[in-house]
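Engineer: Sharing a structure with you now.
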Number of protein chains: 2
Amino acid sequence: MPDIDVLGIGNALVDVLSHETDEFVERMGLSRGAMTLVDEARAHELYAAMGPAVEISGGSAANTIVGLASFGARTAYLGKVRDDQLGEVFTHDIRSMGVHFDCAMADDGASTGRCLVVVTPDAQRTMATYLGASAFLGPDDVDPDLVAAARVVYLEGYLWDQPVAREAYRRAARLAHDAGNEVALTLSDSFCVERHRAEWLALVEEEVDLLFANQAEIEALYETDFDGALARVRGHCRVAALTRSEHGSVVVAGDRVHVVPAHPVERLVDTTGAGDLYAAGFLFGYTNGADLATCARLGSLAASEVISHLGARPEADLAELARTLLHA
Amino acid sequence: MPDIDVLGIGNALVDVLSHETDEFVERMGLSRGAMTLVDEARAHELYAAMGPAVEISGGSAANTIVGLASFGARTAYLGKVRDDQLGEVFTHDIRSMGVHFDCAMADDGASTGRCLVVVTPDAQRTMATYLGASAFLGPDDVDPDLVAAARVVYLEGYLWDQPVAREAYRRAARLAHDAGNEVALTLSDSFCVERHRAEWLALVEEEVDLLFANQAEIEALYETDFDGALARVRGHCRVAALTRSEHGSVVVAGDRVHVVPAHPVERLVDTTGAGDLYAAGFLFGYTNGADLATCARLGSLAASEVISHLGARPEADLAELARTLLHA
């Protein structure tokens, strides 16, 4: 098993993106800016109502891992697809970035999961996810050698919505700590936080070394405003990187607080993947021994690239952008 | 059967687009700027070598029909997909534009066809097509009522590569003329012209009312330079619209020749679909009684939109762009 900087574990999804009006989001009863889980029938109903779409590999942790690979990091990913056309697309795209991905494909049951992403004129994305095969990632899929080889195991909060995936999550976190590695968690979505608050408060306190969250998510976790949440999180995990959209990010680590501005964006097209790519840049810096402010700057850099085009996978060579940033 | 402005018939494909270097095109033995037919094994080999990709519905005539729908035309399409995930994607995208599409899906045999599109840094596209289910479009799929209801039947030259599709083509052309409607043909690709020159010379002479070709294609058809080809085509079909990339287009109809400049493009991203969308704009003008120079201007307008982003389907509302152009 080669040395790995970051192993990501998450829901393996293909994104189906279309541009729609605000009225569409309202009419379809979607929760603007959030991720809603839907069953297959509802996914079909929403898809039928959507305009022409583009398919691009997605999945929150997978986006982060591909971002890390684009920076030049050594990466691996665990997530479940089916042996269907979209599963082939997901597998091709992640492997073509050099990510180690050999999680067994499901050969029956639900098809590869899809995230219907509705992008409104303000570039905000609203998501409806049909988990499909991704929900069947289980503890048996967690390869102990892979986890032991990874300096950081990065877990997405979305996993917590499925009991069997939760077991995979718990096993990976335990194996990582047993091997002396670190565990990173992203809170994923404020509604997701609402669903699991009590357990996540305990997790953040006891198991998470690096926490990623946006303002809505950290406020939902501690049921208070941003400053209050900042004070609360400080004692509960080693490093918390909290993003605030165009206001940049705040990194809290013990007594230290770093406030880092957002990276300028020429043309905001689609915010899908902003948080995922922030985590990618941050973890790239982190696993390369950069100071926390530099980690945050790399996070903002990667986020700015991904929101300047459609889809949550980087189009530019992030390693090259990083060289430009760090040597400017 | 409602009145239809244009019925398109072609290979129903999903495009798989990735950015690659010129060196990649050479190393993979692809014919730069052209379309090569590949079998499934070769398609897998090429796909495995390609970087991360984006999936967008394609197919030459289908792109034209979707462009026409975006202009506000009444449209229908005939093409064959399988009942698999990519077939669902193709069907969703074309129907969501309001195109009448109810060609029976194949329920066994080859999967939905794919066009691997390699976009090089100069925005040129090089294509490798695995026809899959699309090759099984046959004469029985040609609905006589649909053809009779369409003022123009638009056929892509690519169909000619498969004997059974060729029969569908011949049947549609005959039914169209029997109903007093017009037949439009695009020559599709200069290598495609080379494969079928003798038959196509006869077709253009005897059956085609409206001919679309780019410079390389019309030169290949008449085995001479552009001016020579222009002189030859003049007597052989009622209207020929010949495109010359950034040099715009030349429309020949009897004694009249219209030379129309290209529409300016702010940022050239991907030339995939340029010819298809030119035909869309031209046919929108044509079926609305516009003069030929205006038809060509509308063609250039639609082409300029599609080459300013990835993929061969319009992202902007072409009806709105047309209003701006025509009322400027």
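Residue names in the structure tokens use chain letters A, B, ... in the order shown, residue numbers from 1 in each chain, and ligand numbers from 1 in the order shown.
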Could I get chain A fitted onto chain B (least squares, all C-alpha atoms, in order) as a short mmCIF file (atom, residue, chain, number, x, y, z; two decimals) with C-alpha atoms, in the first residue's frame?
Structural biologist:
```cif
data_model
loop_
_atom_site.label_atom_id
_atom_site.label_comp_id
_atom_site.auth_asym_id
_atom_site.auth_seq_id
_atom_site.Cartn_x
_atom_site.Cartn_y
_atom_site.Cartn_z
CA MET A 1 -49.94 15.33 -35.84
CA PRO A 2 -49.08 18.97 -35.18
CA ASP A 3 -47.38 21.12 -37.83
CA ILE A 4 -43.63 20.78 -37.60
CA ASP A 5 -41.06 23.20 -38.98
CA VAL A 6 -38.15 20.78 -39.04
CA LEU A 7 -37.86 17.03 -38.42
CA GLY A 8 -34.27 15.92 -37.77
CA ILE A 9 -33.07 12.36 -38.33
CA GLY A 10 -29.68 11.25 -37.13
CA ASN A 11 -27.49 9.25 -34.80
CA ALA A 12 -28.70 9.73 -31.22
CA LEU A 13 -25.52 10.09 -29.17
CA VAL A 14 -24.34 11.31 -25.81
CA ASP A 15 -21.11 13.30 -26.02
CA VAL A 16 -18.29 12.59 -23.58
CA LEU A 17 -16.07 15.67 -23.65
CA SER A 18 -12.63 16.16 -22.18
CA HIS A 19 -9.81 18.64 -22.63
CA GLU A 20 -6.65 17.02 -23.95
CA THR A 21 -3.34 18.04 -25.48
CA ASP A 22 -2.48 17.88 -29.19
CA GLU A 23 0.02 15.20 -28.22
CA PHE A 24 -2.87 13.06 -26.89
CA VAL A 25 -4.68 13.23 -30.24
CA GLU A 26 -1.54 12.13 -32.03
CA ARG A 27 -0.62 9.40 -29.55
CA MET A 28 -4.12 7.90 -29.73
CA GLY A 29 -3.97 7.86 -33.53
CA LEU A 30 -7.03 10.09 -33.94
CA SER A 31 -7.65 12.16 -37.04
CA ARG A 32 -7.47 15.73 -35.81
CA GLY A 33 -10.67 17.75 -36.34
CA ALA A 34 -12.51 14.79 -37.85
CA MET A 35 -14.97 12.11 -36.74
CA THR A 36 -13.75 8.51 -36.65
CA LEU A 37 -16.11 5.57 -36.14
CA VAL A 38 -14.88 3.17 -33.48
CA ASP A 39 -16.10 -0.15 -32.11
CA GLU A 40 -16.92 -0.67 -28.44
CA ALA A 41 -13.48 -2.04 -27.52
CA ARG A 42 -11.70 0.94 -29.07
CA ALA A 43 -14.18 3.31 -27.42
CA HIS A 44 -13.30 1.81 -24.04
CA GLU A 45 -9.59 2.06 -24.77
CA LEU A 46 -9.89 5.74 -25.74
CA TYR A 47 -12.16 6.53 -22.80
CA ALA A 48 -9.69 4.91 -20.38
CA ALA A 49 -6.95 7.15 -21.76
CA MET A 50 -9.03 10.35 -21.59
CA GLY A 51 -8.98 12.66 -18.59
CA PRO A 52 -12.05 13.54 -16.51
CA ALA A 53 -14.99 14.15 -18.80
CA VAL A 54 -18.38 15.80 -18.93
CA GLU A 55 -21.42 14.10 -20.44
CA ILE A 56 -23.75 16.25 -22.56
CA SER A 57 -26.38 15.06 -25.04
CA GLY A 58 -25.17 15.34 -28.61
CA GLY A 59 -25.72 13.84 -32.04
CA SER A 60 -25.33 16.15 -35.02
CA ALA A 61 -28.93 16.43 -36.23
CA ALA A 62 -30.18 16.31 -32.63
CA ASN A 63 -28.02 19.33 -31.81
CA THR A 64 -29.52 21.16 -34.79
CA ILE A 65 -33.05 20.29 -33.72
CA VAL A 66 -32.46 21.40 -30.12
CA GLY A 67 -31.01 24.63 -31.48
CA LEU A 68 -34.15 25.13 -33.58
CA ALA A 69 -36.28 24.46 -30.50
CA SER A 70 -34.30 27.08 -28.59
CA PHE A 71 -35.11 29.58 -31.37
CA GLY A 72 -38.77 28.72 -30.85
CA ALA A 73 -39.32 26.45 -33.85
CA ARG A 74 -41.68 23.47 -33.84
CA THR A 75 -39.45 20.44 -34.04
CA ALA A 76 -39.31 16.66 -34.00
CA TYR A 77 -36.46 14.17 -33.97
CA LEU A 78 -35.92 10.55 -34.96
CA GLY A 79 -32.96 8.62 -33.59
CA LYS A 80 -32.36 5.41 -31.66
CA VAL A 81 -31.16 5.04 -28.09
CA ARG A 82 -31.25 2.05 -25.75
CA ASP A 83 -33.26 1.89 -22.53
CA ASP A 84 -30.17 2.55 -20.42
CA GLN A 85 -28.96 5.51 -18.35
CA LEU A 86 -27.43 7.40 -21.26
CA GLY A 87 -30.57 6.73 -23.31
CA GLU A 88 -32.56 8.29 -20.50
CA VAL A 89 -30.21 11.29 -20.49
CA PHE A 90 -30.56 11.78 -24.26
CA THR A 91 -34.35 11.46 -24.10
CA HIS A 92 -34.67 13.82 -21.15
CA ASP A 93 -32.53 16.52 -22.69
CA ILE A 94 -34.22 16.61 -26.09
CA ARG A 95 -37.76 16.40 -24.69
CA SER A 96 -37.04 19.05 -22.08
CA MET A 97 -36.49 21.46 -24.99
CA GLY A 98 -39.99 20.75 -26.29
CA VAL A 99 -38.84 18.56 -29.18
CA HIS A 100 -41.31 15.84 -30.23
CA PHE A 101 -39.29 12.65 -29.67
CA ASP A 102 -40.99 9.28 -29.38
CA CYS A 103 -38.82 6.98 -31.44
CA ALA A 104 -38.98 3.51 -29.83
CA MET A 105 -36.01 2.75 -27.56
CA ALA A 106 -34.06 -0.46 -28.19
CA ASP A 107 -34.60 -2.85 -25.28
CA ASP A 108 -31.70 -5.14 -26.03
CA GLY A 109 -28.45 -5.17 -27.96
CA ALA A 110 -25.91 -2.37 -28.08
CA SER A 111 -26.02 0.38 -25.47
CA THR A 112 -26.75 4.03 -26.24
CA GLY A 113 -24.16 5.49 -28.61
CA ARG A 114 -21.40 7.75 -27.41
CA CYS A 115 -19.21 10.30 -29.08
CA LEU A 116 -15.86 10.75 -27.36
CA VAL A 117 -14.98 14.39 -27.99
CA VAL A 118 -11.42 15.50 -27.39
CA VAL A 119 -11.09 19.27 -27.18
CA THR A 120 -7.56 20.57 -27.76
CA PRO A 121 -6.19 23.91 -26.47
CA ASP A 122 -7.11 25.64 -29.76
CA ALA A 123 -10.81 24.73 -29.08
CA GLN A 124 -10.80 22.29 -32.01
CA ARG A 125 -12.68 19.04 -31.41
CA THR A 126 -11.66 15.57 -32.56
CA MET A 127 -14.32 12.89 -32.32
CA ALA A 128 -14.43 9.10 -31.95
CA THR A 129 -17.95 7.72 -32.19
CA TYR A 130 -19.23 4.41 -30.93
CA LEU A 131 -22.62 4.29 -32.66
CA GLY A 132 -24.12 1.64 -30.35
CA ALA A 133 -27.91 1.59 -30.49
CA SER A 134 -28.04 4.61 -32.81
CA ALA A 135 -26.91 2.42 -35.72
CA PHE A 136 -30.14 0.45 -35.50
CA LEU A 137 -32.40 3.26 -36.60
CA GLY A 138 -34.18 1.68 -39.53
CA PRO A 139 -36.87 2.44 -42.10
CA ASP A 140 -39.57 1.13 -39.74
CA ASP A 141 -38.72 3.93 -37.31
CA VAL A 142 -39.64 6.53 -39.93
CA ASP A 143 -43.21 7.57 -39.14
CA PRO A 144 -44.87 8.71 -42.40
CA ASP A 145 -47.24 11.06 -40.58
CA LEU A 146 -44.33 12.76 -38.84
CA VAL A 147 -42.44 13.24 -42.10
CA ALA A 148 -45.56 14.53 -43.87
CA ALA A 149 -46.14 17.06 -41.10
CA ALA A 150 -42.63 18.55 -41.35
CA ARG A 151 -41.87 21.39 -43.77
CA VAL A 152 -38.22 20.37 -43.84
CA VAL A 153 -36.69 16.97 -43.12
CA TYR A 154 -33.08 17.44 -42.02
CA LEU A 155 -30.77 14.47 -42.49
CA GLU A 156 -27.19 14.06 -41.33
CA GLY A 157 -24.63 12.49 -43.64
CA TYR A 158 -23.36 10.38 -40.76
CA LEU A 159 -26.46 8.20 -41.15
CA TRP A 160 -25.07 6.97 -44.42
CA ASP A 161 -22.37 4.92 -42.67
CA GLN A 162 -24.88 2.22 -41.64
CA PRO A 163 -26.88 0.32 -44.31
CA VAL A 164 -30.05 0.12 -42.20
CA ALA A 165 -29.89 3.82 -41.29
CA ARG A 166 -29.35 4.58 -44.97
CA GLU A 167 -32.68 2.90 -45.70
CA ALA A 168 -34.32 5.05 -43.03
CA TYR A 169 -32.76 8.06 -44.68
CA ARG A 170 -33.99 7.08 -48.16
CA ARG A 171 -37.50 6.38 -46.91
CA ALA A 172 -37.70 9.71 -45.09
CA ALA A 173 -36.46 11.64 -48.11
CA ARG A 174 -38.98 9.94 -50.39
CA LEU A 175 -41.89 10.48 -48.01
CA ALA A 176 -40.92 14.13 -47.58
CA HIS A 177 -40.93 14.79 -51.29
CA ASP A 178 -44.17 12.85 -51.75
CA ALA A 179 -45.76 15.18 -49.20
CA GLY A 180 -44.40 18.25 -50.98
CA ASN A 181 -41.87 18.99 -48.24
CA GLU A 182 -38.19 19.78 -48.55
CA VAL A 183 -35.14 17.67 -47.82
CA ALA A 184 -32.04 19.14 -46.19
CA LEU A 185 -28.73 17.30 -45.90
CA THR A 186 -25.54 18.09 -44.03
CA LEU A 187 -22.38 16.47 -45.37
CA SER A 188 -21.23 16.00 -41.73
CA ASP A 189 -17.52 15.26 -42.17
CA SER A 190 -14.98 15.27 -44.99
CA PHE A 191 -13.97 11.64 -44.35
CA CYS A 192 -17.65 10.74 -44.45
CA VAL A 193 -17.81 12.47 -47.85
CA GLU A 194 -14.81 10.45 -49.05
CA ARG A 195 -16.58 7.23 -48.06
CA HIS A 196 -19.77 8.04 -49.98
CA ARG A 197 -18.80 10.51 -52.67
CA ALA A 198 -20.35 8.83 -55.71
CA GLU A 199 -23.71 8.25 -54.05
CA TRP A 200 -23.77 11.69 -52.48
CA LEU A 201 -23.03 13.44 -55.76
CA ALA A 202 -26.15 11.75 -57.10
CA LEU A 203 -28.16 12.57 -53.98
CA VAL A 204 -27.23 16.25 -54.08
CA GLU A 205 -28.12 16.36 -57.75
CA GLU A 206 -31.43 14.56 -57.46
CA GLU A 207 -32.84 14.70 -53.96
CA VAL A 208 -31.42 17.45 -51.79
CA ASP A 209 -33.15 20.82 -51.66
CA LEU A 210 -30.99 22.42 -48.98
CA LEU A 211 -27.37 21.45 -48.57
CA PHE A 212 -25.15 22.24 -45.57
CA ALA A 213 -21.40 21.70 -45.71
CA ASN A 214 -18.20 23.24 -44.45
CA GLN A 215 -15.32 24.10 -46.74
CA ALA A 216 -13.47 20.78 -46.30
CA GLU A 217 -16.63 18.81 -46.97
CA ILE A 218 -17.74 20.61 -50.13
CA GLU A 219 -14.16 20.50 -51.46
CA ALA A 220 -14.07 16.75 -50.74
CA LEU A 221 -17.38 16.24 -52.53
CA TYR A 222 -16.29 17.92 -55.75
CA GLU A 223 -12.56 17.15 -55.39
CA THR A 224 -11.64 20.73 -56.09
CA ASP A 225 -10.97 24.02 -54.27
CA PHE A 226 -13.65 26.13 -52.64
CA ASP A 227 -14.38 28.35 -55.64
CA GLY A 228 -14.54 25.35 -57.91
CA ALA A 229 -16.89 23.56 -55.52
CA LEU A 230 -19.04 26.67 -55.30
CA ALA A 231 -19.42 26.74 -59.07
CA ARG A 232 -20.23 23.03 -59.14
CA VAL A 233 -22.83 22.99 -56.37
CA ARG A 234 -24.75 25.92 -57.83
CA GLY A 235 -26.65 23.95 -60.41
CA HIS A 236 -27.10 20.87 -58.27
CA CYS A 237 -29.31 21.85 -55.39
CA ARG A 238 -31.66 24.70 -54.70
CA VAL A 239 -29.79 26.24 -51.77
CA ALA A 240 -26.29 25.43 -50.50
CA ALA A 241 -25.08 26.99 -47.24
CA LEU A 242 -21.32 26.61 -47.02
CA THR A 243 -19.52 27.48 -43.79
CA ARG A 244 -15.92 28.62 -43.48
CA SER A 245 -15.23 28.80 -39.73
CA GLU A 246 -14.09 32.32 -38.73
CA HIS A 247 -14.58 33.50 -42.33
CA GLY A 248 -18.36 33.14 -42.07
CA SER A 249 -20.48 31.47 -44.69
CA VAL A 250 -21.44 31.60 -48.34
CA VAL A 251 -24.98 30.86 -49.46
CA VAL A 252 -25.54 29.85 -53.07
CA ALA A 253 -28.99 29.70 -54.62
CA GLY A 254 -29.25 29.67 -58.39
CA ASP A 255 -27.58 32.88 -59.58
CA ARG A 256 -27.46 34.46 -56.17
CA VAL A 257 -24.47 34.27 -53.83
CA HIS A 258 -24.54 35.76 -50.32
CA VAL A 259 -21.31 36.12 -48.38
CA VAL A 260 -22.04 36.59 -44.69
CA PRO A 261 -19.37 37.21 -42.01
CA ALA A 262 -19.06 35.13 -38.86
CA HIS A 263 -20.70 36.44 -35.70
CA PRO A 264 -18.08 37.75 -33.24
CA VAL A 265 -17.14 35.41 -30.39
CA GLU A 266 -15.81 36.74 -27.12
CA ARG A 267 -14.06 33.58 -26.00
CA LEU A 268 -13.69 30.50 -28.19
CA VAL A 269 -13.95 27.44 -25.90
CA ASP A 270 -15.03 24.41 -27.92
CA THR A 271 -16.00 24.22 -31.59
CA THR A 272 -18.15 21.10 -31.06
CA GLY A 273 -21.54 21.72 -32.66
CA ALA A 274 -20.58 24.82 -34.67
CA GLY A 275 -21.91 23.37 -37.94
CA ASP A 276 -24.95 21.84 -36.27
CA LEU A 277 -25.97 25.13 -34.74
CA TYR A 278 -25.29 27.06 -37.94
CA ALA A 279 -27.83 24.78 -39.60
CA ALA A 280 -30.25 25.42 -36.73
CA GLY A 281 -30.11 29.19 -37.14
CA PHE A 282 -30.28 28.95 -40.93
CA LEU A 283 -33.31 26.64 -40.89
CA PHE A 284 -35.05 28.79 -38.30
CA GLY A 285 -34.78 31.75 -40.64
CA TYR A 286 -35.65 29.63 -43.66
CA THR A 287 -38.84 28.14 -42.23
CA ASN A 288 -39.89 31.63 -41.13
CA GLY A 289 -39.54 33.06 -44.62
CA ALA A 290 -36.40 35.12 -43.99
CA ASP A 291 -34.15 36.03 -46.93
CA LEU A 292 -31.08 33.83 -47.34
CA ALA A 293 -28.61 36.40 -46.00
CA THR A 294 -30.67 36.67 -42.81
CA CYS A 295 -30.79 32.87 -42.59
CA ALA A 296 -26.99 32.83 -42.73
CA ARG A 297 -26.72 35.56 -40.08
CA LEU A 298 -28.97 33.53 -37.78
CA GLY A 299 -26.79 30.51 -38.46
CA SER A 300 -23.64 32.40 -37.54
CA LEU A 301 -25.34 33.71 -34.41
CA ALA A 302 -26.24 30.23 -33.16
CA ALA A 303 -22.79 28.88 -34.05
CA SER A 304 -21.13 31.69 -32.10
CA GLU A 305 -23.16 30.85 -29.01
CA VAL A 306 -22.32 27.15 -29.03
CA ILE A 307 -18.58 27.58 -29.54
CA SER A 308 -18.32 29.90 -26.54
CA HIS A 309 -18.88 27.03 -24.07
CA LEU A 310 -18.30 23.28 -23.74
CA GLY A 311 -20.73 20.99 -25.59
CA ALA A 312 -22.89 21.15 -28.70
CA ARG A 313 -26.20 22.13 -27.13
CA PRO A 314 -27.09 25.82 -26.75
CA GLU A 315 -26.92 27.26 -23.22
CA ALA A 316 -28.43 30.65 -24.05
CA ASP A 317 -32.01 31.30 -25.16
CA LEU A 318 -31.49 31.53 -28.94
CA ALA A 319 -34.91 33.13 -29.47
CA GLU A 320 -33.80 36.05 -27.34
CA LEU A 321 -30.45 36.33 -29.13
CA ALA A 322 -32.29 36.28 -32.46
CA ARG A 323 -34.58 39.12 -31.38
CA THR A 324 -31.54 41.17 -30.41
CA LEU A 325 -29.82 40.43 -33.73
CA LEU A 326 -32.82 41.10 -35.95
CA HIS A 327 -33.89 44.30 -34.20
CA ALA A 328 -30.38 45.76 -33.87
#
```
Engineer: Run DSSP on the backbone and tell me which residues of region 3-207 of chain A come out as alpha helix (DSSP H); list them as a PyMOL selection string.
Structural biologist: chain A and resi 22-27+40-49+60-71+85-95+144-149+163-178+190-206
Engineer: Based on the backbone DSSP call, show me all residues of region 165-260 of chain B assigned strand (DSSP E), as a count of residues only.
Structural biologist: 25
